[in-house]
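*Asks:* Provided below: final25.cif, containing mmCIF, C-alpha atoms.
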```cif
data_data
#
loop_
_atom_site.label_atom_id
_atom_site.label_comp_id
_atom_site.auth_asym_id
_atom_site.auth_seq_id
_atom_site.Cartn_x
_atom_site.Cartn_y
_atom_site.Cartn_z
CA MET L 890 13.86 -2.49 -6.67
CA SER L 891 13.83 -5.98 -8.14
CA ALA L 892 16.71 -8.28 -8.89
CA VAL L 893 16.63 -10.48 -11.99
CA PHE L 894 15.23 -14.00 -11.82
CA GLY L 895 16.99 -15.99 -9.12
CA ASP L 896 19.78 -13.42 -8.75
CA SER L 897 21.36 -11.85 -5.69
CA VAL L 898 20.40 -8.42 -4.40
CA GLY L 899 21.89 -5.34 -6.01
CA PRO L 900 22.67 -1.91 -4.49
CA LEU L 901 20.01 -0.50 -2.18
CA ARG L 902 19.36 3.10 -1.27
CA THR L 903 18.83 4.24 2.33
CA HIS L 904 16.28 7.01 2.89
CA ARG L 905 16.53 9.26 5.94
CA TRP L 906 13.61 11.13 7.45
CA SER L 907 13.26 13.50 10.40
CA ALA L 908 10.22 13.15 12.66
CA GLY L 909 10.28 15.32 15.75
CA GLY L 910 13.33 14.31 17.77
CA LEU L 911 13.84 11.13 15.76
CA THR L 912 15.89 10.29 12.72
CA LEU L 913 14.53 7.35 10.75
CA GLU L 914 16.64 5.37 8.28
CA CYS L 915 14.90 3.00 5.89
CA ALA L 916 15.88 0.80 2.95
CA GLY L 917 13.92 -1.72 0.93
CA GLY L 918 14.44 -4.31 -1.75
CA SER L 919 12.82 -7.19 -3.58
CA VAL L 920 13.85 -10.36 -5.41
CA ILE L 921 11.93 -12.56 -7.80
CA GLY L 922 13.26 -15.84 -6.47
CA ASN L 923 13.26 -19.13 -8.34
CA ARG L 924 9.56 -20.00 -8.56
CA TYR L 925 8.10 -17.22 -10.70
CA ARG L 926 9.32 -15.50 -13.86
CA ALA L 927 7.95 -12.15 -12.69
CA ASN L 928 7.78 -10.25 -9.42
CA TYR L 929 4.22 -9.77 -8.18
CA ASP L 930 5.36 -8.02 -5.00
CA VAL L 931 5.31 -4.23 -4.88
CA LEU L 932 7.54 -2.14 -2.60
CA HIS L 933 7.29 1.52 -1.67
CA VAL L 934 9.81 3.42 0.45
CA ASP L 935 8.81 7.05 0.24
CA PRO L 936 11.57 9.53 -0.61
CA ALA L 937 10.02 12.32 1.47
CA LEU L 938 7.62 10.91 4.08
CA PRO L 939 8.35 8.41 6.88
CA PHE L 940 6.33 5.77 5.08
CA ALA L 941 7.05 2.28 3.80
CA ALA L 942 4.69 -0.37 2.43
CA VAL L 943 4.64 -3.74 0.70
CA ALA L 944 2.01 -5.54 -1.37
CA ASP L 945 1.92 -9.15 -2.57
CA GLY L 946 -0.25 -10.15 -5.52
CA MET L 947 -2.35 -13.29 -5.22
CA GLY L 948 -1.40 -15.72 -7.95
CA ASP L 949 1.07 -15.38 -10.80
CA GLY L 950 -0.91 -13.72 -13.56
CA GLU L 951 -2.08 -10.37 -14.86
CA GLY L 952 -4.66 -10.00 -12.08
CA SER L 953 -1.92 -10.26 -9.49
CA ARG L 954 0.19 -7.64 -11.24
CA ARG L 955 -2.75 -5.25 -11.64
CA ALA L 956 -3.80 -5.64 -8.01
CA GLY L 957 -0.41 -4.79 -6.55
CA ALA L 958 0.08 -1.81 -8.82
CA ALA L 959 -3.41 -0.42 -8.16
CA ALA L 960 -3.27 -0.91 -4.40
CA MET L 961 0.15 0.59 -3.89
CA GLY L 962 -0.28 3.45 -6.34
CA THR L 963 -3.55 4.50 -4.73
CA LEU L 964 -2.33 4.10 -1.15
CA VAL L 965 0.74 6.24 -1.83
CA GLU L 966 -1.33 8.89 -3.58
CA GLN L 967 -3.83 9.07 -0.71
CA VAL L 968 -1.21 9.16 2.07
CA ARG L 969 0.68 11.94 0.32
CA ALA L 970 -2.51 13.93 -0.30
CA ALA L 971 -3.57 13.69 3.36
CA TRP L 972 -0.14 14.50 4.84
CA PRO L 973 0.52 15.81 7.47
CA ALA L 974 -2.76 14.29 8.64
CA THR L 975 -2.28 10.63 9.58
CA GLY L 976 -4.23 8.78 12.24
CA PRO L 977 -6.98 6.22 11.84
CA GLY L 978 -9.36 8.40 9.82
CA PRO L 979 -7.05 9.37 6.94
CA LEU L 980 -5.41 5.94 6.92
CA ARG L 981 -8.70 4.04 6.80
CA ALA L 982 -9.83 6.31 3.97
CA ALA L 983 -6.58 5.68 2.09
CA VAL L 984 -6.93 1.90 2.42
CA ALA L 985 -10.57 2.07 1.36
CA GLN L 986 -9.54 3.92 -1.80
CA ALA L 987 -6.85 1.30 -2.44
CA GLN L 988 -9.48 -1.43 -2.03
CA ALA L 989 -11.75 0.27 -4.53
CA ALA L 990 -8.87 0.70 -6.98
CA VAL L 991 -8.08 -3.03 -6.88
CA ARG L 992 -11.70 -4.00 -7.43
CA ALA L 993 -11.87 -1.61 -10.38
CA ALA L 994 -8.65 -3.07 -11.80
CA GLY L 995 -10.20 -6.53 -11.71
CA ALA L 996 -13.62 -5.63 -13.04
CA GLY L 997 -14.55 -7.89 -15.94
CA ARG L 998 -11.41 -9.98 -15.68
CA PRO L 999 -11.71 -13.78 -15.28
CA GLU L 1000 -8.73 -14.25 -12.96
CA LEU L 1001 -8.50 -13.29 -9.29
CA THR L 1002 -7.35 -9.69 -8.85
CA GLY L 1003 -6.20 -9.22 -5.27
CA CYS L 1004 -3.17 -8.55 -3.09
CA THR L 1005 -1.99 -8.16 0.45
CA LEU L 1006 -1.11 -4.69 1.73
CA THR L 1007 0.95 -3.78 4.81
CA ALA L 1008 2.21 -0.27 5.58
CA LEU L 1009 4.09 1.61 8.30
CA LEU L 1010 3.58 5.38 8.57
CA VAL L 1011 5.16 7.59 11.26
CA GLU L 1012 3.47 10.85 12.27
CA PRO L 1013 5.32 14.13 11.57
CA ASP L 1014 6.29 14.71 15.22
CA GLY L 1015 7.60 11.14 15.61
CA GLY L 1016 5.48 10.49 18.65
CA GLN L 1017 3.39 7.79 17.08
CA GLY L 1018 3.28 5.53 14.08
CA TRP L 1019 0.58 3.47 12.41
CA LEU L 1020 0.52 0.01 10.91
CA ALA L 1021 -2.16 -0.84 8.37
CA GLN L 1022 -2.60 -4.42 7.15
CA LEU L 1023 -4.70 -6.60 4.88
CA GLY L 1024 -3.61 -10.18 4.23
CA ASP L 1025 -0.49 -12.00 5.34
CA SER L 1026 2.34 -9.60 4.64
CA ARG L 1027 3.81 -8.79 8.03
CA ALA L 1028 5.30 -6.14 10.31
CA TYR L 1029 7.88 -6.95 13.01
CA ARG L 1030 9.54 -4.81 15.68
CA LEU L 1031 12.90 -5.52 17.29
CA ARG L 1032 13.18 -3.66 20.61
CA ASP L 1033 15.65 -4.31 23.43
CA GLY L 1034 16.60 -7.62 21.84
CA LEU L 1035 13.02 -8.91 21.57
CA LEU L 1036 11.63 -9.48 18.07
CA GLU L 1037 7.82 -9.35 18.00
CA LEU L 1038 5.37 -9.99 15.20
CA LEU L 1039 2.91 -7.10 15.46
CA THR L 1040 0.48 -8.11 12.74
CA VAL L 1041 -1.90 -11.05 12.42
CA ASP L 1042 -2.04 -13.16 9.27
CA HIS L 1043 -5.50 -12.91 7.72
CA THR L 1044 -5.55 -16.58 6.71
CA VAL L 1045 -7.55 -19.67 7.57
CA ALA L 1046 -4.27 -21.25 8.68
CA TRP L 1047 -3.81 -18.56 11.35
CA LEU L 1048 -7.36 -19.07 12.60
CA GLY L 1049 -6.90 -22.83 12.65
CA VAL L 1050 -3.67 -22.74 14.63
CA VAL L 1051 -4.95 -20.13 17.11
CA HIS L 1052 -8.17 -22.07 17.75
CA GLY L 1053 -6.58 -25.50 17.77
CA TRP L 1054 -8.17 -26.89 14.63
CA TYR L 1055 -4.88 -28.48 13.60
CA PRO L 1056 -1.16 -28.37 14.45
CA ALA L 1057 0.87 -25.55 12.93
CA ASN L 1058 3.05 -27.96 10.94
CA SER L 1059 0.22 -30.17 9.69
CA PRO L 1060 -0.80 -30.66 6.03
CA ALA L 1061 -4.14 -29.04 6.83
CA ALA L 1062 -2.39 -25.91 8.06
CA ALA L 1063 -0.21 -25.85 4.94
CA ARG L 1064 -3.28 -25.99 2.69
CA ALA L 1065 -5.05 -23.27 4.67
CA ARG L 1066 -1.97 -21.03 4.47
CA TYR L 1067 -3.12 -19.73 1.07
CA GLN L 1068 -6.75 -19.14 2.03
CA LEU L 1069 -6.82 -15.43 2.83
CA THR L 1070 -9.75 -14.11 4.83
CA ARG L 1071 -8.92 -10.45 4.09
CA TYR L 1072 -7.08 -8.88 1.18
CA ALA L 1073 -7.22 -5.81 -1.05
CA GLY L 1074 -9.70 -6.59 -3.80
CA HIS L 1075 -11.91 -8.84 -1.66
CA PRO L 1076 -15.52 -8.44 -2.88
CA ASP L 1077 -16.72 -7.61 0.64
CA GLY L 1078 -14.17 -4.82 1.11
CA PRO L 1079 -12.97 -5.95 4.58
CA GLU L 1080 -11.44 -3.39 6.93
CA ALA L 1081 -7.71 -3.30 7.38
CA ASP L 1082 -6.24 -3.82 10.81
CA LEU L 1083 -4.89 -0.51 12.15
CA LEU L 1084 -2.40 -0.57 15.00
CA ALA L 1085 -1.02 2.47 16.82
CA VAL L 1086 2.69 2.01 17.56
CA THR L 1087 5.40 4.15 19.15
CA PRO L 1088 8.81 4.36 17.48
CA ARG L 1089 11.69 4.58 19.94
CA PRO L 1090 15.43 5.11 19.48
CA GLY L 1091 17.09 1.76 19.03
CA ASP L 1092 14.09 0.12 17.35
CA ALA L 1093 14.38 -1.83 14.13
CA TRP L 1094 11.18 -2.40 12.15
CA LEU L 1095 10.61 -4.88 9.34
CA VAL L 1096 7.74 -4.79 6.85
CA CYS L 1097 7.83 -7.81 4.53
CA THR L 1098 5.91 -10.15 2.27
CA ASP L 1099 5.47 -13.81 3.13
CA GLY L 1100 8.32 -14.68 0.79
CA VAL L 1101 10.58 -13.35 3.55
CA SER L 1102 8.75 -14.57 6.66
CA ASP L 1103 8.15 -18.07 5.24
CA GLN L 1104 11.82 -18.58 4.30
CA ALA L 1105 13.71 -16.86 7.12
CA ASP L 1106 12.75 -18.09 10.57
CA TYR L 1107 12.39 -16.04 13.74
CA HIS L 1108 15.98 -16.47 14.88
CA ARG L 1109 17.37 -15.52 11.46
CA LEU L 1110 15.17 -12.42 11.29
CA ARG L 1111 16.25 -11.35 14.76
CA GLU L 1112 19.93 -11.92 14.00
CA LEU L 1113 19.91 -9.93 10.79
CA LEU L 1114 17.88 -7.04 12.21
CA SER L 1115 20.15 -6.89 15.28
CA THR L 1116 23.46 -6.74 13.48
CA HIS L 1117 22.92 -4.82 10.25
CA GLN L 1118 22.07 -1.32 9.10
CA PRO L 1119 18.89 -1.07 6.99
CA ALA L 1120 20.34 -1.61 3.51
CA ASP L 1121 22.64 -4.39 4.71
CA ALA L 1122 19.81 -6.02 6.64
CA VAL L 1123 17.53 -5.99 3.60
CA ARG L 1124 20.25 -7.43 1.41
CA ALA L 1125 21.01 -10.17 3.95
CA LEU L 1126 17.32 -11.03 4.39
CA LEU L 1127 16.70 -11.31 0.66
CA ASP L 1128 19.88 -13.29 0.10
CA ALA L 1129 18.70 -15.63 2.87
CA THR L 1130 15.43 -16.26 1.01
CA LEU L 1131 17.36 -17.15 -2.14
CA ALA L 1132 19.66 -19.45 -0.19
CA ALA L 1133 16.59 -21.15 1.27
CA GLY L 1134 15.37 -21.96 -2.24
CA GLY L 1135 13.77 -18.74 -3.44
CA ASP L 1136 10.33 -20.35 -3.38
CA ASP L 1137 8.48 -17.04 -3.64
CA ASN L 1138 8.90 -13.39 -4.52
CA ALA L 1139 10.44 -11.77 -1.43
CA THR L 1140 10.24 -8.10 -0.44
CA ALA L 1141 11.41 -6.29 2.70
CA ALA L 1142 11.73 -2.78 4.08
CA VAL L 1143 13.82 -2.25 7.23
CA LEU L 1144 13.59 0.93 9.30
CA ARG L 1145 15.90 1.92 12.15
CA VAL L 1146 15.10 4.64 14.68
CA HIS L 1147 17.70 6.99 16.17
CA ALA L 1148 17.54 9.98 18.46
CA THR L 1149 18.38 13.09 16.47
CA ALA L 1150 21.76 14.43 17.50
CA HIS L 1151 21.77 18.04 18.74
#
```
Mind converting the file's structure to structure tokens?
*Replies:*
Amino acid sequence: MSAVFGDSVGPLRTHRWSAGGLTLECAGGSVIGNRYRANYDVLHVDPALPFAAVADGMGDGEGSRRAGAAAMGTLVEQVRAAWPATGPGPLRAAVAQAQAAVRAAGAGRPELTGCTLTALLVEPDGGQGWLAQLGDSRAYRLRDGLLELLTVDHTVAWLGVVHGWYPANSPAAARARYQLTRYAGHPDGPEADLLAVTPRPGDAWLVCTDGVSDQADYHRLRELLSTHQPADAVRALLDATLAAGGDDNATAAVLRVHATAH
């Protein structure tokens, strides 16, 4: 779901899933922006399962492209094979396989082969969901008017700001922004963060790459998630990144939760 270089967002499809007493609506999209000539982000919105994920390649070369494709392809394959089993065991196993696939894709290549990976998967009965994350692609939840960032950026910048090494808007923080401490393809195979979450009617969830979160601030994210249906919210978010300069590939999936009508 990519737009052409520097272009606006085209038509987006909304997927609908049933999970217990919930109906989930999700749409996703991606734009190249104005910095790169190719899109090294990868988006997956599953047509059958309540499952959405994004990956963001590190760099702008073949290693980046290979990493995103290997990570997402393997994660999707493993989640589908394990379904209806979810939970920490199957999800950790799926991410471990994605990690191995990225390392294999980069074997013998001179350039860095790595990517971020962030996924949201809702269990079949709708009672619980899971977030899995490596890197600095993010997951947000809007509930009762409060937008919360649920993931932690695996970057030196995040560590530095949290521990007071430097101000958030300092040059040192800007340099550390691109030093990832965890990512798919890392030679040490770091564990992904897994977070148990509970989808509720009225929720809006956003899974996005840093091309979205770096170019649309908190208040803009909250506004667009509050006032738009999934496809319209994605389109508005991606258009906002282009209006802000399109300094990176930008990818977003938005999920809304409804009580199933009886």
*Asks:* Around (4.0, -8.7, 7.4) in the file's own coordinates, what residues are found within 6 Å if you use all atoms listed in the file, given back as number ranges by chain?
*Replies:* L: 1025-1028, 1096-1098
*Asks:* Tell me which residues the PyMOL selection byres ((chain L and resi 1145) around 6) grabs here, as a ChimeraX atom specification.
*Replies:* /L:913-914,1092-1093,1144,1146
*Asks:* Return as a PyMOL selection string the set of residues that the PyMOL selection byres ((chain L and resi 1019) around 9) yields on the displayed structure.
*Replies:* chain L and resi 975-977+980+1008-1012+1017-1018+1020-1021+1083-1087
*Asks:* Restrict the selected residues to C-alpha atoms and save them as a compact mmCIF listing (two decimals), keeping the file's coordinate frame.
*Replies:*
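Output saved as result_15.txt:
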```txt
# COMPACT_ATOMS: atom_id res chain seq x y z
CA THR L 975 -2.28 10.63 9.58
CA GLY L 976 -4.23 8.78 12.24
CA PRO L 977 -6.98 6.22 11.84
CA LEU L 980 -5.41 5.94 6.92
CA ALA L 1008 2.21 -0.27 5.58
CA LEU L 1009 4.09 1.61 8.30
CA LEU L 1010 3.58 5.38 8.57
CA VAL L 1011 5.16 7.59 11.26
CA GLU L 1012 3.47 10.85 12.27
CA GLN L 1017 3.39 7.79 17.08
CA GLY L 1018 3.28 5.53 14.08
CA LEU L 1020 0.52 0.01 10.91
CA ALA L 1021 -2.16 -0.84 8.37
CA LEU L 1083 -4.89 -0.51 12.15
CA LEU L 1084 -2.40 -0.57 15.00
CA ALA L 1085 -1.02 2.47 16.82
CA VAL L 1086 2.69 2.01 17.56
CA THR L 1087 5.40 4.15 19.15
```
*Asks:* Within 8 Å of segment 943-956 of chain L, counting all atoms listed in the file, which residues show up once you throw out same-chain ones fewer than 5 positions away? Write them as a VMD selection string, please.
*Replies:* chain L and resid 925 927 929 to 933 961 991 994 to 995 998 1000 to 1008 1026 1073 to 1074 1096 to 1098 1140 to 1142
*Asks:* Which residues would end up in the selection if the PyMOL selection byres ((chain L and resi 1062) around 10) were applied here, given that I need the answer as a PDB file with C-alpha atoms, in the coordinates of the input?
*Replies:*
```pdb
ATOM      1  CA  THR L1044      -5.550 -16.580   6.710  1.00  0.00           C
ATOM      2  CA  VAL L1045      -7.550 -19.670   7.570  1.00  0.00           C
ATOM      3  CA  ALA L1046      -4.270 -21.250   8.680  1.00  0.00           C
ATOM      4  CA  TRP L1047      -3.810 -18.560  11.350  1.00  0.00           C
ATOM      5  CA  LEU L1048      -7.360 -19.070  12.600  1.00  0.00           C
ATOM      6  CA  GLY L1049      -6.900 -22.830  12.650  1.00  0.00           C
ATOM      7  CA  VAL L1050      -3.670 -22.740  14.630  1.00  0.00           C
ATOM      8  CA  TRP L1054      -8.170 -26.890  14.630  1.00  0.00           C
ATOM      9  CA  TYR L1055      -4.880 -28.480  13.600  1.00  0.00           C
ATOM     10  CA  PRO L1056      -1.160 -28.370  14.450  1.00  0.00           C
ATOM     11  CA  ALA L1057       0.870 -25.550  12.930  1.00  0.00           C
ATOM     12  CA  ASN L1058       3.050 -27.960  10.940  1.00  0.00           C
ATOM     13  CA  SER L1059       0.220 -30.170   9.690  1.00  0.00           C
ATOM     14  CA  PRO L1060      -0.800 -30.660   6.030  1.00  0.00           C
ATOM     15  CA  ALA L1061      -4.140 -29.040   6.830  1.00  0.00           C
ATOM     16  CA  ALA L1063      -0.210 -25.850   4.940  1.00  0.00           C
ATOM     17  CA  ARG L1064      -3.280 -25.990   2.690  1.00  0.00           C
ATOM     18  CA  ALA L1065      -5.050 -23.270   4.670  1.00  0.00           C
ATOM     19  CA  ARG L1066      -1.970 -21.030   4.470  1.00  0.00           C
ATOM     20  CA  TYR L1067      -3.120 -19.730   1.070  1.00  0.00           C
TER      21      TYR L1067
END
```
*Asks:* Given the choices L:Val1123, L:Val934, L:Leu1095, L:Ala1148, which gets closest to Leu1039 of chain L if the distance is worked out from all atoms listed in the file?
*Replies:*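 Under the stated criterion, the closest residue is L:Leu1095.
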*Asks:* Please fill the gaps in segment 927-945 of chain L so it has N, CA, C and O atoms, and write that as a PDB file, keeping the file's coordinate frame.
*Replies:*
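And here is the file that came out, selection_8.pdb:
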```pdb
ATOM      1  N   ALA L 927       8.220 -13.575 -12.880  1.00  0.00           N
ATOM      2  CA  ALA L 927       7.950 -12.150 -12.690  1.00  0.00           C
ATOM      3  C   ALA L 927       7.797 -11.888 -11.197  1.00  0.00           C
ATOM      4  O   ALA L 927       7.578 -12.812 -10.406  1.00  0.00           O
ATOM      5  N   ASN L 928       7.922 -10.629 -10.814  1.00  0.00           N
ATOM      6  CA  ASN L 928       7.780 -10.250  -9.420  1.00  0.00           C
ATOM      7  C   ASN L 928       6.412  -9.608  -9.220  1.00  0.00           C
ATOM      8  O   ASN L 928       6.142  -8.528  -9.750  1.00  0.00           O
ATOM      9  N   TYR L 929       5.562 -10.277  -8.446  1.00  0.00           N
ATOM     10  CA  TYR L 929       4.220  -9.770  -8.180  1.00  0.00           C
ATOM     11  C   TYR L 929       4.142  -9.058  -6.836  1.00  0.00           C
ATOM     12  O   TYR L 929       3.058  -8.678  -6.406  1.00  0.00           O
ATOM     13  N   ASP L 930       5.275  -8.891  -6.172  1.00  0.00           N
ATOM     14  CA  ASP L 930       5.360  -8.020  -5.000  1.00  0.00           C
ATOM     15  C   ASP L 930       5.545  -6.580  -5.463  1.00  0.00           C
ATOM     16  O   ASP L 930       6.099  -6.323  -6.539  1.00  0.00           O
ATOM     17  N   VAL L 931       5.098  -5.647  -4.628  1.00  0.00           N
ATOM     18  CA  VAL L 931       5.310  -4.230  -4.880  1.00  0.00           C
ATOM     19  C   VAL L 931       5.850  -3.598  -3.599  1.00  0.00           C
ATOM     20  O   VAL L 931       5.317  -3.833  -2.507  1.00  0.00           O
ATOM     21  N   LEU L 932       6.898  -2.814  -3.735  1.00  0.00           N
ATOM     22  CA  LEU L 932       7.540  -2.140  -2.600  1.00  0.00           C
ATOM     23  C   LEU L 932       7.446  -0.638  -2.775  1.00  0.00           C
ATOM     24  O   LEU L 932       7.619  -0.117  -3.880  1.00  0.00           O
ATOM     25  N   HIS L 933       7.188   0.057  -1.661  1.00  0.00           N
ATOM     26  CA  HIS L 933       7.290   1.520  -1.670  1.00  0.00           C
ATOM     27  C   HIS L 933       8.033   1.976  -0.422  1.00  0.00           C
ATOM     28  O   HIS L 933       7.629   1.668   0.703  1.00  0.00           O
ATOM     29  N   VAL L 934       9.126   2.692  -0.615  1.00  0.00           N
ATOM     30  CA  VAL L 934       9.810   3.420   0.450  1.00  0.00           C
ATOM     31  C   VAL L 934       9.794   4.872   0.002  1.00  0.00           C
ATOM     32  O   VAL L 934      10.431   5.234  -0.988  1.00  0.00           O
ATOM     33  N   ASP L 935       9.045   5.692   0.725  1.00  0.00           N
ATOM     34  CA  ASP L 935       8.810   7.050   0.240  1.00  0.00           C
ATOM     35  C   ASP L 935      10.070   7.903   0.350  1.00  0.00           C
ATOM     36  O   ASP L 935      10.765   7.856   1.366  1.00  0.00           O
ATOM     37  N   PRO L 936      10.364   8.693  -0.670  1.00  0.00           N
ATOM     38  CA  PRO L 936      11.570   9.530  -0.610  1.00  0.00           C
ATOM     39  C   PRO L 936      11.444  10.713   0.345  1.00  0.00           C
ATOM     40  O   PRO L 936      12.460  11.257   0.788  1.00  0.00           O
ATOM     41  N   ALA L 937      10.207  11.120   0.674  1.00  0.00           N
ATOM     42  CA  ALA L 937      10.020  12.320   1.470  1.00  0.00           C
ATOM     43  C   ALA L 937       9.340  12.068   2.816  1.00  0.00           C
ATOM     44  O   ALA L 937       9.664  12.725   3.808  1.00  0.00           O
ATOM     45  N   LEU L 938       8.396  11.145   2.872  1.00  0.00           N
ATOM     46  CA  LEU L 938       7.620  10.910   4.080  1.00  0.00           C
ATOM     47  C   LEU L 938       8.112   9.661   4.799  1.00  0.00           C
ATOM     48  O   LEU L 938       8.587   8.718   4.163  1.00  0.00           O
ATOM     49  N   PRO L 939       7.982   9.615   6.131  1.00  0.00           N
ATOM     50  CA  PRO L 939       8.350   8.410   6.880  1.00  0.00           C
ATOM     51  C   PRO L 939       7.297   7.324   6.688  1.00  0.00           C
ATOM     52  O   PRO L 939       6.437   7.084   7.534  1.00  0.00           O
ATOM     53  N   PHE L 940       7.403   6.632   5.569  1.00  0.00           N
ATOM     54  CA  PHE L 940       6.330   5.770   5.080  1.00  0.00           C
ATOM     55  C   PHE L 940       6.917   4.671   4.217  1.00  0.00           C
ATOM     56  O   PHE L 940       7.659   4.941   3.271  1.00  0.00           O
ATOM     57  N   ALA L 941       6.608   3.431   4.579  1.00  0.00           N
ATOM     58  CA  ALA L 941       7.050   2.280   3.800  1.00  0.00           C
ATOM     59  C   ALA L 941       5.910   1.274   3.733  1.00  0.00           C
ATOM     60  O   ALA L 941       5.151   1.117   4.704  1.00  0.00           O
ATOM     61  N   ALA L 942       5.791   0.577   2.609  1.00  0.00           N
ATOM     62  CA  ALA L 942       4.690  -0.370   2.430  1.00  0.00           C
ATOM     63  C   ALA L 942       5.096  -1.466   1.465  1.00  0.00           C
ATOM     64  O   ALA L 942       5.957  -1.270   0.601  1.00  0.00           O
ATOM     65  N   VAL L 943       4.449  -2.635   1.619  1.00  0.00           N
ATOM     66  CA  VAL L 943       4.640  -3.740   0.700  1.00  0.00           C
ATOM     67  C   VAL L 943       3.275  -4.292   0.316  1.00  0.00           C
ATOM     68  O   VAL L 943       2.310  -4.227   1.100  1.00  0.00           O
ATOM     69  N   ALA L 944       3.193  -4.830  -0.901  1.00  0.00           N
ATOM     70  CA  ALA L 944       2.010  -5.540  -1.370  1.00  0.00           C
ATOM     71  C   ALA L 944       2.467  -6.824  -2.027  1.00  0.00           C
ATOM     72  O   ALA L 944       3.574  -6.908  -2.558  1.00  0.00           O
ATOM     73  N   ASP L 945       1.599  -7.835  -2.013  1.00  0.00           N
ATOM     74  CA  ASP L 945       1.920  -9.150  -2.570  1.00  0.00           C
ATOM     75  C   ASP L 945       0.712  -9.625  -3.347  1.00  0.00           C
ATOM     76  O   ASP L 945      -0.335  -9.930  -2.761  1.00  0.00           O
TER      77      ASP L 945
END
```
